[in-house]
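For reference, start_38.cif (mmCIF, N, CA, C and O atoms):
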data_my_file
loop_
_atom_site.label_atom_id
_atom_site.label_comp_id
_atom_site.auth_asym_id
_atom_site.auth_seq_id
_atom_site.Cartn_x
_atom_site.Cartn_y
_atom_site.Cartn_z
N MET H 1 -30.15 16.61 -14.18
CA MET H 1 -29.77 16.22 -12.84
C MET H 1 -30.35 14.85 -12.50
O MET H 1 -29.69 14.05 -11.88
N PHE H 2 -31.57 14.57 -12.92
CA PHE H 2 -32.17 13.28 -12.60
C PHE H 2 -31.45 12.15 -13.33
O PHE H 2 -31.40 11.04 -12.82
N ALA H 3 -30.92 12.42 -14.51
CA ALA H 3 -30.16 11.39 -15.23
C ALA H 3 -28.94 10.98 -14.42
O ALA H 3 -28.56 9.81 -14.41
N PHE H 4 -28.32 11.94 -13.73
CA PHE H 4 -27.17 11.63 -12.89
C PHE H 4 -27.54 10.63 -11.81
O PHE H 4 -26.83 9.66 -11.58
N PHE H 5 -28.67 10.84 -11.15
CA PHE H 5 -29.08 9.93 -10.08
C PHE H 5 -29.44 8.55 -10.63
O PHE H 5 -29.18 7.54 -10.00
N GLY H 6 -30.03 8.52 -11.82
CA GLY H 6 -30.34 7.25 -12.44
C GLY H 6 -29.07 6.47 -12.78
O GLY H 6 -28.99 5.27 -12.57
N ALA H 7 -28.07 7.18 -13.30
CA ALA H 7 -26.80 6.54 -13.62
C ALA H 7 -26.10 6.06 -12.36
O ALA H 7 -25.51 4.97 -12.34
N ARG H 8 -26.19 6.84 -11.31
CA ARG H 8 -25.57 6.46 -10.05
C ARG H 8 -26.22 5.21 -9.46
O ARG H 8 -25.54 4.32 -8.96
N ARG H 9 -27.53 5.14 -9.53
CA ARG H 9 -28.24 3.94 -9.05
C ARG H 9 -27.87 2.73 -9.89
O ARG H 9 -27.67 1.63 -9.37
N ALA H 10 -27.78 2.91 -11.21
CA ALA H 10 -27.42 1.80 -12.10
C ALA H 10 -26.01 1.31 -11.80
O ALA H 10 -25.76 0.09 -11.80
N TYR H 11 -25.09 2.22 -11.53
CA TYR H 11 -23.72 1.84 -11.19
C TYR H 11 -23.70 1.05 -9.88
O TYR H 11 -23.06 0.00 -9.79
N GLY H 12 -24.41 1.54 -8.88
CA GLY H 12 -24.49 0.84 -7.60
C GLY H 12 -25.09 -0.55 -7.75
O GLY H 12 -24.63 -1.52 -7.14
N ARG H 13 -26.12 -0.65 -8.57
CA ARG H 13 -26.76 -1.94 -8.83
C ARG H 13 -25.78 -2.89 -9.52
O ARG H 13 -25.69 -4.07 -9.16
N ALA H 14 -25.00 -2.38 -10.48
CA ALA H 14 -24.02 -3.21 -11.18
C ALA H 14 -22.94 -3.70 -10.22
O ALA H 14 -22.51 -4.86 -10.30
N VAL H 15 -22.51 -2.83 -9.30
CA VAL H 15 -21.51 -3.23 -8.31
C VAL H 15 -22.06 -4.35 -7.43
O VAL H 15 -21.39 -5.37 -7.21
N HIS H 16 -23.28 -4.18 -6.93
CA HIS H 16 -23.88 -5.19 -6.06
C HIS H 16 -24.12 -6.51 -6.79
O HIS H 16 -23.92 -7.59 -6.21
N GLU H 17 -24.55 -6.43 -8.04
CA GLU H 17 -24.77 -7.66 -8.81
C GLU H 17 -23.46 -8.40 -9.06
O GLU H 17 -23.41 -9.63 -8.95
N ALA H 18 -22.39 -7.66 -9.38
CA ALA H 18 -21.09 -8.30 -9.58
C ALA H 18 -20.60 -8.93 -8.28
O ALA H 18 -20.05 -10.04 -8.28
N ALA H 19 -20.81 -8.24 -7.16
CA ALA H 19 -20.40 -8.77 -5.86
C ALA H 19 -21.19 -10.04 -5.53
O ALA H 19 -20.62 -11.03 -5.06
N ASP H 20 -22.49 -10.03 -5.81
CA ASP H 20 -23.31 -11.21 -5.56
C ASP H 20 -22.85 -12.40 -6.40
O ASP H 20 -22.78 -13.54 -5.91
N ARG H 21 -22.50 -12.13 -7.67
CA ARG H 21 -22.02 -13.22 -8.54
C ARG H 21 -20.70 -13.79 -8.02
O ARG H 21 -20.50 -15.01 -8.05
N LEU H 22 -19.81 -12.94 -7.54
CA LEU H 22 -18.55 -13.43 -6.99
C LEU H 22 -18.78 -14.28 -5.74
O LEU H 22 -18.16 -15.34 -5.58
N VAL H 23 -19.66 -13.82 -4.86
CA VAL H 23 -19.95 -14.58 -3.65
C VAL H 23 -20.59 -15.93 -4.00
O VAL H 23 -20.23 -16.96 -3.42
N ASP H 24 -21.49 -15.92 -4.97
CA ASP H 24 -22.12 -17.17 -5.41
C ASP H 24 -21.08 -18.14 -6.00
O ASP H 24 -21.14 -19.34 -5.77
N ALA H 25 -20.14 -17.60 -6.77
CA ALA H 25 -19.17 -18.44 -7.47
C ALA H 25 -18.04 -18.92 -6.56
O ALA H 25 -17.58 -20.05 -6.68
N TYR H 26 -17.57 -18.05 -5.65
CA TYR H 26 -16.37 -18.35 -4.87
C TYR H 26 -16.62 -18.56 -3.39
O TYR H 26 -15.71 -18.95 -2.66
N GLY H 27 -17.81 -18.27 -2.91
CA GLY H 27 -18.09 -18.41 -1.48
C GLY H 27 -17.19 -17.52 -0.64
O GLY H 27 -17.01 -16.34 -0.95
N GLU H 28 -16.61 -18.07 0.41
CA GLU H 28 -15.74 -17.30 1.31
C GLU H 28 -14.49 -16.78 0.61
O GLU H 28 -13.90 -15.79 1.04
N ALA H 29 -14.07 -17.44 -0.45
CA ALA H 29 -12.87 -17.01 -1.18
C ALA H 29 -13.17 -15.81 -2.10
O ALA H 29 -12.25 -15.28 -2.71
N ALA H 30 -14.41 -15.38 -2.18
CA ALA H 30 -14.78 -14.26 -3.05
C ALA H 30 -14.04 -12.99 -2.66
O ALA H 30 -13.68 -12.19 -3.52
N ASP H 31 -13.80 -12.81 -1.38
CA ASP H 31 -13.09 -11.62 -0.91
C ASP H 31 -11.69 -11.57 -1.51
O ASP H 31 -11.28 -10.55 -2.06
N GLN H 32 -10.97 -12.67 -1.42
CA GLN H 32 -9.61 -12.72 -1.97
C GLN H 32 -9.63 -12.53 -3.48
O GLN H 32 -8.79 -11.82 -4.04
N GLU H 33 -10.56 -13.17 -4.16
CA GLU H 33 -10.65 -13.06 -5.61
C GLU H 33 -10.99 -11.63 -6.05
O GLU H 33 -10.42 -11.12 -7.00
N ALA H 34 -11.89 -10.99 -5.33
CA ALA H 34 -12.28 -9.62 -5.68
C ALA H 34 -11.11 -8.66 -5.51
O ALA H 34 -10.87 -7.80 -6.36
N TRP H 35 -10.37 -8.79 -4.40
CA TRP H 35 -9.23 -7.89 -4.19
C TRP H 35 -8.10 -8.20 -5.16
O TRP H 35 -7.36 -7.31 -5.57
N ARG H 36 -7.95 -9.47 -5.56
CA ARG H 36 -6.94 -9.80 -6.57
C ARG H 36 -7.27 -9.08 -7.87
O ARG H 36 -6.41 -8.48 -8.51
N ALA H 37 -8.53 -9.13 -8.27
CA ALA H 37 -8.96 -8.46 -9.50
C ALA H 37 -8.79 -6.95 -9.39
O ALA H 37 -8.41 -6.28 -10.36
N ALA H 38 -9.04 -6.40 -8.21
CA ALA H 38 -8.92 -4.94 -8.03
C ALA H 38 -7.48 -4.48 -8.12
O ALA H 38 -7.22 -3.32 -8.42
N ARG H 39 -6.54 -5.38 -7.87
CA ARG H 39 -5.12 -5.00 -7.89
C ARG H 39 -4.43 -5.32 -9.22
O ARG H 39 -3.23 -5.13 -9.34
N LEU H 40 -5.19 -5.79 -10.20
CA LEU H 40 -4.59 -6.08 -11.50
C LEU H 40 -4.00 -4.83 -12.12
O LEU H 40 -4.59 -3.74 -12.03
N THR H 41 -2.86 -4.98 -12.74
CA THR H 41 -2.26 -3.84 -13.42
C THR H 41 -2.79 -3.78 -14.84
O THR H 41 -3.27 -4.78 -15.39
N GLY H 42 -2.72 -2.63 -15.43
CA GLY H 42 -3.14 -2.46 -16.81
C GLY H 42 -4.61 -2.16 -17.00
O GLY H 42 -5.08 -2.06 -18.13
N LEU H 43 -5.36 -2.00 -15.91
CA LEU H 43 -6.77 -1.65 -16.04
C LEU H 43 -6.90 -0.15 -16.28
O LEU H 43 -6.11 0.65 -15.77
N ALA H 44 -7.92 0.22 -17.03
CA ALA H 44 -8.24 1.64 -17.18
C ALA H 44 -8.72 2.16 -15.83
O ALA H 44 -9.14 1.37 -14.96
N ALA H 45 -8.67 3.46 -15.63
CA ALA H 45 -9.05 4.05 -14.35
C ALA H 45 -10.47 3.66 -13.94
O ALA H 45 -10.72 3.31 -12.78
N GLY H 46 -11.40 3.69 -14.87
CA GLY H 46 -12.78 3.34 -14.57
C GLY H 46 -12.94 1.87 -14.20
O GLY H 46 -13.71 1.52 -13.31
N GLU H 47 -12.19 1.01 -14.89
CA GLU H 47 -12.23 -0.42 -14.58
C GLU H 47 -11.67 -0.69 -13.18
O GLU H 47 -12.24 -1.47 -12.42
N ALA H 48 -10.56 -0.04 -12.87
CA ALA H 48 -9.94 -0.23 -11.56
C ALA H 48 -10.86 0.26 -10.45
O ALA H 48 -11.00 -0.39 -9.41
N GLU H 49 -11.53 1.38 -10.68
CA GLU H 49 -12.46 1.92 -9.69
C GLU H 49 -13.65 0.98 -9.49
O GLU H 49 -14.07 0.73 -8.36
N PHE H 50 -14.17 0.42 -10.58
CA PHE H 50 -15.28 -0.52 -10.48
C PHE H 50 -14.86 -1.77 -9.72
O PHE H 50 -15.57 -2.24 -8.83
N CYS H 51 -13.69 -2.32 -10.06
CA CYS H 51 -13.20 -3.53 -9.38
C CYS H 51 -12.99 -3.28 -7.89
O CYS H 51 -13.30 -4.15 -7.07
N GLN H 52 -12.49 -2.11 -7.54
CA GLN H 52 -12.31 -1.80 -6.12
C GLN H 52 -13.66 -1.68 -5.42
O GLN H 52 -13.83 -2.16 -4.30
N ALA H 53 -14.63 -1.05 -6.07
CA ALA H 53 -15.97 -0.93 -5.48
C ALA H 53 -16.59 -2.31 -5.28
O ALA H 53 -17.21 -2.57 -4.24
N VAL H 54 -16.40 -3.21 -6.24
CA VAL H 54 -16.92 -4.57 -6.10
C VAL H 54 -16.22 -5.28 -4.95
O VAL H 54 -16.86 -5.94 -4.14
N ALA H 55 -14.90 -5.13 -4.85
CA ALA H 55 -14.16 -5.78 -3.77
C ALA H 55 -14.62 -5.29 -2.41
O ALA H 55 -14.80 -6.07 -1.48
N GLU H 56 -14.84 -3.98 -2.29
CA GLU H 56 -15.33 -3.43 -1.02
C GLU H 56 -16.72 -3.97 -0.70
O GLU H 56 -17.02 -4.28 0.45
N CYS H 57 -17.57 -4.10 -1.71
CA CYS H 57 -18.92 -4.61 -1.52
C CYS H 57 -18.89 -6.08 -1.10
O CYS H 57 -19.62 -6.49 -0.18
N VAL H 58 -18.02 -6.88 -1.72
CA VAL H 58 -17.89 -8.29 -1.35
C VAL H 58 -17.44 -8.40 0.10
O VAL H 58 -17.97 -9.20 0.87
N THR H 59 -16.47 -7.58 0.48
CA THR H 59 -15.97 -7.59 1.86
C THR H 59 -17.10 -7.30 2.84
O THR H 59 -17.23 -7.99 3.86
N ARG H 60 -17.92 -6.30 2.53
CA ARG H 60 -19.04 -5.97 3.42
C ARG H 60 -20.05 -7.10 3.47
O ARG H 60 -20.56 -7.44 4.54
N LYS H 61 -20.35 -7.70 2.31
CA LYS H 61 -21.34 -8.78 2.26
C LYS H 61 -20.89 -9.99 3.09
O LYS H 61 -21.71 -10.67 3.69
N LEU H 62 -19.60 -10.25 3.11
CA LEU H 62 -19.07 -11.39 3.85
C LEU H 62 -18.79 -11.04 5.31
O LEU H 62 -18.42 -11.92 6.08
N GLY H 63 -18.94 -9.77 5.67
CA GLY H 63 -18.73 -9.36 7.05
C GLY H 63 -17.29 -9.41 7.49
O GLY H 63 -16.99 -9.64 8.66
N LYS H 64 -16.37 -9.18 6.55
CA LYS H 64 -14.95 -9.20 6.87
C LYS H 64 -14.43 -7.79 7.06
O LYS H 64 -15.09 -6.81 6.73
N ALA H 65 -13.21 -7.71 7.59
CA ALA H 65 -12.56 -6.41 7.74
C ALA H 65 -12.24 -5.87 6.35
O ALA H 65 -11.90 -6.64 5.45
N PRO H 66 -12.32 -4.56 6.16
CA PRO H 66 -12.03 -3.98 4.85
C PRO H 66 -10.61 -4.28 4.39
O PRO H 66 -9.69 -4.34 5.20
N GLY H 67 -10.45 -4.47 3.08
CA GLY H 67 -9.13 -4.69 2.50
C GLY H 67 -8.36 -3.40 2.42
O GLY H 67 -8.87 -2.31 2.73
N MET H 68 -7.13 -3.50 2.03
CA MET H 68 -6.28 -2.31 1.90
C MET H 68 -6.73 -1.49 0.71
O MET H 68 -6.92 -2.05 -0.38
N PRO H 69 -6.91 -0.19 0.88
CA PRO H 69 -7.28 0.65 -0.26
C PRO H 69 -6.13 0.70 -1.28
O PRO H 69 -4.97 0.57 -0.90
N LEU H 70 -6.50 0.86 -2.53
CA LEU H 70 -5.50 0.90 -3.58
C LEU H 70 -4.81 2.25 -3.69
O LEU H 70 -3.71 2.35 -4.15
N ARG H 71 -5.50 3.29 -3.31
CA ARG H 71 -4.94 4.64 -3.47
C ARG H 71 -4.91 5.36 -2.15
O ARG H 71 -5.55 5.21 -1.26
#

In structure tokens, how does this file's structure come out?
Amino acid sequence: MFAFFGARRAYGRAVHEAADRLVDAYGEAADQEAWRAARLTGLAAGEAEFCQAVAECVTRKLGKAPGMPLR
């Protein structure tokens, strides 16, 4: 059970780190770039879920209204 929580924390940390890198690289345009990546076709389910989580995190970090959910 503790391994589950460790993996969950690591996933959350990876999402936040990816969001921080996008904001650093794209500034205010990071929101648009993150949602563009989240809407790419051909991603595996896990990749699409990660990209959506990153896009939601970028949106929160920039203080913008949430984007449209994919599902």

* **Neighbour list for Phe50 of chain H as an MDAnalysis selection string, cut-off 8 Å, only N, CA, C and O atoms, skip fewer than 2 positions in-chain** => chainID H and resid 11 14:15 34 37:38 44:48 52:57

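Distance annotation: of H:Leu40, H:Val58, H:Cys51, H:Ala3, the residue with the minimal separation from Tyr26 of chain H is H:Val58; atom set is only C-alpha atoms.
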
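For the pair atom CA of Lys61 of chain H and atom N of Gly12 of chain H, the interatomic distance is 15.5 Å.
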